[in-house]
$ cat protein.txt   # compact mmCIF, C-alpha atoms and all ligand atoms
# COMPACT_ATOMS: atom_id res chain seq x y z
CA LYS A 1 174.97 -110.80 -110.62
CA GLU A 2 171.83 -112.90 -110.72
CA ILE A 3 168.79 -111.29 -109.13
CA ALA A 4 165.12 -112.15 -108.67
CA PHE A 5 161.95 -110.25 -107.84
CA ILE A 6 159.30 -111.08 -105.23
CA PHE A 7 155.96 -109.31 -105.62
CA ASP A 8 153.26 -108.55 -103.12
CA LEU A 9 149.81 -108.94 -104.74
CA ASP A 10 147.23 -106.50 -103.39
CA GLY A 11 148.41 -102.93 -104.05
CA VAL A 12 151.24 -103.99 -106.36
CA ILE A 13 149.90 -106.33 -109.09
CA VAL A 14 146.19 -105.51 -108.67
CA ASP A 15 144.01 -103.32 -106.44
CA THR A 16 141.93 -105.90 -104.60
CA ALA A 17 141.71 -103.59 -101.57
CA LYS A 18 138.60 -102.01 -103.10
CA TYR A 19 136.83 -105.39 -103.13
CA HIS A 20 137.97 -106.26 -99.61
CA PHE A 21 136.51 -102.88 -98.61
CA LEU A 22 133.07 -103.57 -100.13
CA ALA A 23 132.86 -106.93 -98.37
CA TRP A 24 134.12 -105.68 -94.99
CA ARG A 25 131.81 -102.65 -95.14
CA ASN A 26 128.79 -104.89 -95.73
CA LEU A 27 129.82 -107.07 -92.83
CA ALA A 28 130.16 -104.05 -90.53
CA GLN A 29 126.77 -102.78 -91.69
CA SER A 30 125.16 -106.12 -90.79
CA LEU A 31 126.68 -105.75 -87.33
CA GLY A 32 125.31 -102.21 -87.04
CA PHE A 33 128.31 -99.92 -87.53
CA GLU A 34 130.06 -97.91 -90.24
CA PHE A 35 133.31 -99.08 -91.81
CA THR A 36 135.11 -96.34 -93.77
CA GLU A 37 137.83 -96.33 -96.46
CA GLU A 38 140.12 -94.94 -93.80
CA HIS A 39 139.43 -97.97 -91.63
CA ASN A 40 140.16 -100.14 -94.67
CA GLU A 41 143.72 -98.76 -94.80
CA LEU A 42 144.37 -100.58 -91.52
CA LEU A 43 143.64 -103.93 -93.18
CA LYS A 44 146.06 -103.68 -96.11
CA GLY A 45 148.58 -106.53 -96.02
CA VAL A 46 146.90 -107.93 -92.89
CA SER A 47 145.60 -111.54 -92.80
CA ARG A 48 141.89 -112.29 -93.08
CA VAL A 49 141.50 -113.41 -89.45
CA ARG A 50 143.43 -110.44 -88.10
CA SER A 51 141.40 -108.11 -90.34
CA LEU A 52 138.17 -109.33 -88.74
CA GLU A 53 139.60 -108.73 -85.27
CA ILE A 54 140.53 -105.15 -86.18
CA LEU A 55 137.08 -104.59 -87.69
CA LEU A 56 135.26 -105.95 -84.61
CA ASN A 57 137.41 -103.69 -82.47
CA ILE A 58 136.38 -100.66 -84.51
CA GLY A 59 132.72 -101.55 -84.00
CA ASN A 60 133.21 -102.47 -80.35
CA VAL A 61 131.62 -105.83 -81.07
CA THR A 62 132.37 -109.01 -79.12
CA ILE A 63 131.31 -112.36 -80.58
CA SER A 64 132.12 -116.05 -80.17
CA ASP A 65 134.79 -117.86 -82.19
CA GLU A 66 132.00 -119.77 -83.91
CA GLU A 67 130.34 -116.54 -85.06
CA LYS A 68 133.71 -115.25 -86.23
CA GLU A 69 134.08 -118.33 -88.43
CA THR A 70 130.64 -117.69 -89.96
CA LEU A 71 131.47 -114.02 -90.62
CA LEU A 72 134.82 -114.89 -92.21
CA ILE A 73 133.10 -117.29 -94.61
CA ALA A 74 130.41 -114.71 -95.47
CA LYS A 75 133.03 -112.01 -96.07
CA ASN A 76 135.16 -114.23 -98.27
CA THR A 77 132.15 -115.45 -100.26
CA GLU A 78 131.18 -111.87 -101.11
CA TYR A 79 134.81 -110.98 -101.86
CA LEU A 80 135.16 -113.96 -104.22
CA GLY A 81 132.09 -112.72 -106.09
CA TYR A 82 134.08 -109.60 -107.04
CA VAL A 83 137.30 -111.54 -107.68
CA ASN A 84 135.51 -113.89 -110.07
CA LYS A 85 134.67 -110.91 -112.28
CA MET A 86 138.28 -109.69 -112.50
CA THR A 87 140.09 -109.58 -115.85
CA SER A 88 143.58 -108.66 -117.09
CA ASP A 89 142.32 -105.05 -117.41
CA GLU A 90 142.79 -104.79 -113.64
CA ILE A 91 146.55 -105.34 -113.69
CA LEU A 92 148.03 -102.10 -112.35
CA PRO A 93 149.86 -99.71 -114.73
CA GLY A 94 153.49 -100.58 -115.47
CA ILE A 95 153.24 -104.17 -114.20
CA ASN A 96 152.80 -105.84 -117.59
CA ASN A 97 155.81 -103.92 -118.90
CA LEU A 98 157.84 -104.86 -115.85
CA LEU A 99 157.01 -108.58 -116.12
CA ASN A 100 157.81 -108.52 -119.86
CA TYR A 101 161.15 -106.89 -119.08
CA LEU A 102 161.93 -109.55 -116.45
CA ASP A 103 160.98 -112.36 -118.85
CA ASP A 104 163.10 -110.86 -121.65
CA ASN A 105 166.08 -110.68 -119.31
CA ASN A 106 165.59 -114.15 -117.77
CA ILE A 107 165.00 -112.67 -114.34
CA LYS A 108 162.82 -114.98 -112.24
CA TYR A 109 159.99 -113.72 -110.02
CA ALA A 110 157.79 -115.07 -107.26
CA LEU A 111 154.66 -113.94 -105.45
CA GLY A 112 154.80 -113.19 -101.71
CA SER A 113 151.26 -112.38 -100.57
CA ALA A 114 149.22 -112.68 -97.36
CA SER A 115 146.15 -113.62 -99.42
CA LYS A 116 144.80 -117.16 -99.40
CA ASN A 117 142.99 -116.25 -102.63
CA ALA A 118 146.19 -115.26 -104.44
CA PRO A 119 146.30 -118.15 -106.97
CA LEU A 120 142.68 -117.52 -108.01
CA ILE A 121 143.29 -113.77 -108.42
CA LEU A 122 146.39 -114.39 -110.56
CA GLU A 123 144.44 -116.86 -112.67
CA LYS A 124 141.63 -114.34 -113.19
CA VAL A 125 144.03 -111.65 -114.45
CA GLY A 126 145.96 -114.15 -116.58
CA LEU A 127 149.26 -114.05 -114.68
CA LEU A 128 149.23 -117.37 -112.83
CA ASN A 129 151.63 -119.17 -115.17
CA ARG A 130 154.12 -116.32 -115.36
CA PHE A 131 155.47 -116.74 -111.81
CA THR A 132 158.27 -119.22 -111.09
CA ALA A 133 156.99 -119.66 -107.52
CA LEU A 134 153.99 -118.66 -105.41
CA VAL A 135 153.94 -118.03 -101.68
CA ASP A 136 150.53 -117.06 -100.31
CA GLY A 137 148.50 -116.96 -97.11
CA ASN A 138 148.23 -120.75 -97.10
CA ASP A 139 152.02 -121.20 -96.88
CA VAL A 140 152.97 -118.91 -94.02
CA SER A 141 152.55 -119.16 -90.27
CA LYS A 142 153.99 -115.74 -89.42
CA ALA A 143 152.51 -112.61 -91.00
CA LYS A 144 154.49 -109.63 -92.36
CA PRO A 145 156.52 -107.84 -90.87
CA ASP A 146 157.94 -111.31 -90.18
CA PRO A 147 160.25 -112.13 -93.14
CA GLU A 148 158.91 -115.71 -93.48
CA VAL A 149 156.84 -115.13 -96.65
CA PHE A 150 159.78 -113.64 -98.55
CA LEU A 151 162.36 -116.12 -97.22
CA ILE A 152 160.18 -119.00 -98.46
CA GLY A 153 159.92 -117.16 -101.78
CA ALA A 154 163.72 -116.86 -102.07
CA LYS A 155 164.09 -120.54 -101.26
CA LYS A 156 161.53 -121.54 -103.88
CA LEU A 157 163.38 -119.37 -106.43
CA ASN A 158 166.66 -120.91 -105.35
CA MET A 159 168.05 -117.44 -104.67
CA LYS A 160 169.96 -115.90 -101.79
CA PRO A 161 167.84 -113.30 -99.91
CA GLU A 162 170.34 -110.51 -100.59
CA ASN A 163 169.83 -111.03 -104.33
CA CYS A 164 166.05 -110.64 -104.12
CA ILE A 165 164.13 -107.42 -104.77
CA VAL A 166 160.75 -107.17 -103.02
CA VAL A 167 157.96 -104.93 -104.36
CA GLU A 168 155.53 -103.93 -101.58
CA ASP A 169 152.89 -101.30 -100.84
CA ALA A 170 152.48 -101.96 -97.11
CA ILE A 171 154.87 -100.76 -94.39
CA ALA A 172 154.76 -104.20 -92.76
CA GLY A 173 155.78 -105.69 -96.12
CA VAL A 174 158.74 -103.33 -96.49
CA GLU A 175 159.78 -104.21 -92.94
CA ALA A 176 159.49 -107.92 -93.78
CA ALA A 177 161.73 -107.44 -96.84
CA ASN A 178 164.29 -105.54 -94.79
CA ALA A 179 164.22 -108.21 -92.08
CA ALA A 180 164.85 -110.81 -94.81
CA ASN A 181 167.93 -108.82 -95.89
CA MET A 182 166.41 -108.10 -99.30
CA VAL A 183 166.26 -104.95 -101.40
CA SER A 184 162.82 -103.31 -101.12
CA ILE A 185 160.84 -101.17 -103.52
CA GLY A 186 157.96 -99.41 -101.76
CA ILE A 187 154.91 -98.41 -103.79
CA GLY A 188 153.20 -95.36 -102.34
CA ASP A 189 153.99 -92.32 -100.23
CA ALA A 190 157.76 -91.92 -99.75
CA GLU A 191 157.33 -90.39 -96.31
CA PHE A 192 155.23 -93.31 -95.17
CA LEU A 193 157.50 -95.96 -96.76
CA ASN A 194 160.79 -94.36 -95.68
CA GLU A 195 162.32 -97.70 -94.69
CA ALA A 196 162.24 -98.95 -98.29
CA THR A 197 165.45 -99.04 -100.38
CA HIS A 198 163.61 -97.31 -103.26
CA VAL A 199 160.15 -95.74 -103.39
CA LEU A 200 157.84 -95.24 -106.36
CA LYS A 201 154.68 -93.18 -106.09
CA ASP A 202 152.79 -95.85 -108.04
CA THR A 203 153.51 -98.85 -110.26
CA SER A 204 153.70 -96.72 -113.42
CA GLY A 205 157.14 -95.71 -112.12
CA PHE A 206 158.61 -99.02 -113.33
CA THR A 207 160.19 -97.42 -116.39
CA ALA A 208 163.21 -98.82 -118.27
CA GLU A 209 165.20 -95.96 -116.74
CA PHE A 210 164.24 -96.87 -113.16
CA LEU A 211 165.04 -100.54 -113.74
CA LYS A 212 168.46 -99.70 -115.19
CA LYS A 213 169.14 -97.56 -112.13
CA ILE A 214 168.31 -100.25 -109.56
CA MET A 215 169.90 -103.19 -111.41
CA ASN A 216 173.40 -101.78 -110.98
P1 LIG B 1 142.53 -113.10 -98.20
P2 LIG B 1 148.67 -108.80 -99.99
C1 LIG B 1 146.47 -109.01 -98.46
O1 LIG B 1 147.10 -109.11 -99.71
C2 LIG B 1 145.51 -107.83 -98.46
O2 LIG B 1 146.24 -106.62 -98.58
C3 LIG B 1 144.74 -107.82 -97.15
O3 LIG B 1 143.85 -106.73 -97.15
C4 LIG B 1 143.98 -109.14 -97.00
O4 LIG B 1 143.27 -109.16 -95.78
C5 LIG B 1 145.00 -110.28 -97.05
O5 LIG B 1 145.71 -110.22 -98.28
C6 LIG B 1 144.33 -111.64 -96.92
O6 LIG B 1 143.52 -111.86 -98.05
O7 LIG B 1 141.29 -112.81 -97.42
O8 LIG B 1 142.30 -113.16 -99.70
O9 LIG B 1 143.25 -114.33 -97.70
O10 LIG B 1 148.82 -107.30 -99.98
O11 LIG B 1 149.52 -109.48 -98.93
O12 LIG B 1 148.87 -109.39 -101.36
MG MG B 2 149.87 -105.26 -100.46
$ encode --input "protein.txt" --output "structure tokens"
Amino acid sequence: KEIAFIFDLDGVIVDTAKYHFLAWRNLAQSLGFEFTEEHNELLKGVSRVRSLEILLNIGNVTISDEEKETLLIAKNTEYLGYVNKMTSDEILPGINNLLNYLDDNNIKYALGSASKNAPLILEKVGLLNRFTALVDGNDVSKAKPDPEVFLIGAKKLNMKPENCIVVEDAIAGVEAANAANMVSIGIGDAEFLNEATHVLKDTSGFTAEFLKKIMN
């Protein structure tokens, strides 16, 4: 049976969370409070605007919509400074092998990310032209766990949802895949991602053996 893959970006293809963290931490510092790596976990898979709201909540800071706009631009400008220095060395372990395997077996794949910077990031790491379709933060109106991002991805791939396999590191992403009636592969802690169809501790788990197991 024909299948396709849909990949989340941050936490699956590359670790951009560390750059988001640096930029959000600076922003918090400028507002006079600490923003920790633990806080950063709350922002994974969450949209930029929603991330700022969570951060302001942590710092107990209330500001106008206009100021929010200014802060979002400042945060993204700093973040893009890090992104612009990214290279193919930052592709997470196992992902190059997986994409080569999919290409060799004529299995199509799309991106399904909340990031508005997704095309730039893929270009920086040399993967932009490998994907049959891209769905990013500019294309969706409803954030994960809503299935919209993955359903658009399936449509762009011309595939039925039940024949799509989603790779996700965030719980909300796994929930979105399940709500779309897709197979889900969670990347991370199995206890945490217990709603996923399959769980891998990290992306290096995409071995030929694992792929054979899930393809049948
Ligand atoms: P941007 P993903 C998400 O990427 C990140 O996990 C999340 O931390 C970020 O806030 C969001 O993208 C939006 O990113 O500011 O670049 O539009 O995991 O959905 O690929
Ligand atoms: Mg992610």
$ residues_around --input "protein.txt" --residues "Phe7 of chain A" --least-positions-apart "3" --cutoff "7 Å" --atoms "all atoms listed in the file" --output "JSON, numbers by chain"
{"A": [110, 111, 112, 166, 167, 168]}
$ closest_atom_pairs --input "protein.txt" --of "chain A" --to "ligand LIG 1 (chain B)" --cutoff "7 Å" --atoms "all atoms listed in the file" --output "tab-separated table"
residue	atom	partner	partner_atom	distance
A:Asp8	CA	B:LIG1	O12	4.8
A:Leu9	CA	B:LIG1	O12	3.5
A:Asp10	CA	B:LIG1	O10	3.8
A:Gly11	CA	B:LIG1	O10	6.0
A:Ala17	CA	B:LIG1	O3	5.8
A:His20	CA	B:LIG1	O3	6.4
A:Leu43	CA	B:LIG1	O3	4.9
A:Lys44	CA	B:LIG1	O2	3.8
A:Gly45	CA	B:LIG1	O2	3.5
A:Val46	CA	B:LIG1	C3	4.8
A:Ser47	CA	B:LIG1	C6	4.3
A:Arg48	CA	B:LIG1	O4	4.4
A:Ser51	CA	B:LIG1	O4	5.8
A:Asn76	CA	B:LIG1	O7	6.3
A:Ser113	CA	B:LIG1	O11	3.8
A:Ala114	CA	B:LIG1	O11	3.6
A:Ser115	CA	B:LIG1	O9	3.4
A:Lys116	CA	B:LIG1	O9	3.6
A:Asn117	CA	B:LIG1	O8	4.3
A:Ala118	CA	B:LIG1	O8	6.5
A:Gly137	CA	B:LIG1	O9	5.9
$ residues_around --input "protein.txt" --residues "segment 80-96 of chain A" --least-positions-apart "5" --cutoff "8 Å" --atoms "all atoms listed in the file" --output "number ranges by chain"
A: 12-16, 19, 121, 124-126, 203-207
$ closest_residue --input "protein.txt" --among "A:Leu72, A:Asp146, A:Asn26, A:Ala170" --to "ligand MG 2 (chain B)" --atoms "only C-alpha atoms and all ligand atoms"
A:Ala170
$ atom_distance --input "protein.txt" --atom1 "atom CA of Phe150 of chain A" --atom2 "atom CA of Ile165 of chain A"
9.8 Å
$ residues_around --input "protein.txt" --residues "Ile187 of chain A" --least-positions-apart "4" --cutoff "7 Å" --atoms "all atoms listed in the file" --output "ChimeraX atom specification"
/A:168-169,199-203
$ write_last_selection --input "protein.txt" --atoms "C-alpha atoms" --output "CSV table (one decimal), in the coordinates of the input"
chain,number,residue,atom,x,y,z
A,168,GLU,CA,155.5,-103.9,-101.6
A,169,ASP,CA,152.9,-101.3,-100.8
A,199,VAL,CA,160.2,-95.7,-103.4
A,200,LEU,CA,157.8,-95.2,-106.4
A,201,LYS,CA,154.7,-93.2,-106.1
A,202,ASP,CA,152.8,-95.8,-108.0
A,203,THR,CA,153.5,-98.8,-110.3
$ closest_residue --input "protein.txt" --among "A:Val149, A:Leu56, A:Leu134, A:Ile107" --to "Ile3 of chain A" --atoms "all atoms listed in the file"
A:Ile107
$ atom_distance --input "protein.txt" --atom1 "atom CA of Tyr101 of chain A" --atom2 "atom CA of Lys155 of chain A"
22.6 Å
$ atom_distance --input "protein.txt" --atom1 "atom CA of Ile185 of chain A" --atom2 "atom CA of Thr197 of chain A"
6.0 Å
$ closest_atom_pairs --input "protein.txt" --of "segment 22-50 of chain A" --to "segment 65-70 of chain A" --cutoff "12 Å" --atoms "all atoms listed in the file" --output "CSV"
residue,atom,partner,partner_atom,distance
A:Leu27,CA,A:Thr70,CA,11.0
A:Leu31,CA,A:Glu67,CA,11.6
A:Arg48,CA,A:Glu69,CA,10.9
A:Val49,CA,A:Lys68,CA,8.6
A:Arg50,CA,A:Lys68,CA,11.0
$ closest_residue --input "protein.txt" --among "A:Val174, A:Met215, A:Met182, A:Leu157" --to "ligand MG 2 (chain B)" --atoms "only C-alpha atoms and all ligand atoms"
A:Val174
$ closest_residue --input "protein.txt" --among "A:Lys108, A:Lys156, A:Arg25, A:Lys144" --to "ligand MG 2 (chain B)" --atoms "only C-alpha atoms and all ligand atoms"
A:Lys144
$ decode --input "protein.txt" --residues "segment 89-111 of chain A" --atoms "C-alpha atoms" --output "tab-separated table (two decimals), in the first residue's frame"
chain	number	residue	atom	x	y	z
A	89	ASP	CA	25.59	19.62	10.23
A	90	GLU	CA	22.56	20.46	12.37
A	91	ILE	CA	20.28	17.85	10.82
A	92	LEU	CA	19.45	15.47	13.67
A	93	PRO	CA	20.97	11.94	13.70
A	94	GLY	CA	19.19	9.35	11.57
A	95	ILE	CA	17.22	11.90	9.53
A	96	ASN	CA	19.51	11.92	6.48
A	97	ASN	CA	19.39	8.12	6.40
A	98	LEU	CA	15.63	8.14	6.74
A	99	LEU	CA	15.12	10.67	3.92
A	100	ASN	CA	17.51	8.69	1.69
A	101	TYR	CA	15.53	5.53	2.42
A	102	LEU	CA	12.25	7.28	1.56
A	103	ASP	CA	13.72	8.66	-1.69
A	104	ASP	CA	15.11	5.23	-2.66
A	105	ASN	CA	11.69	3.67	-2.10
A	106	ASN	CA	9.70	6.44	-3.84
A	107	ILE	CA	7.91	7.33	-0.62
A	108	LYS	CA	6.83	10.98	-0.65
A	109	TYR	CA	7.17	13.27	2.36
A	110	ALA	CA	5.90	16.67	3.46
A	111	LEU	CA	6.68	19.12	6.24
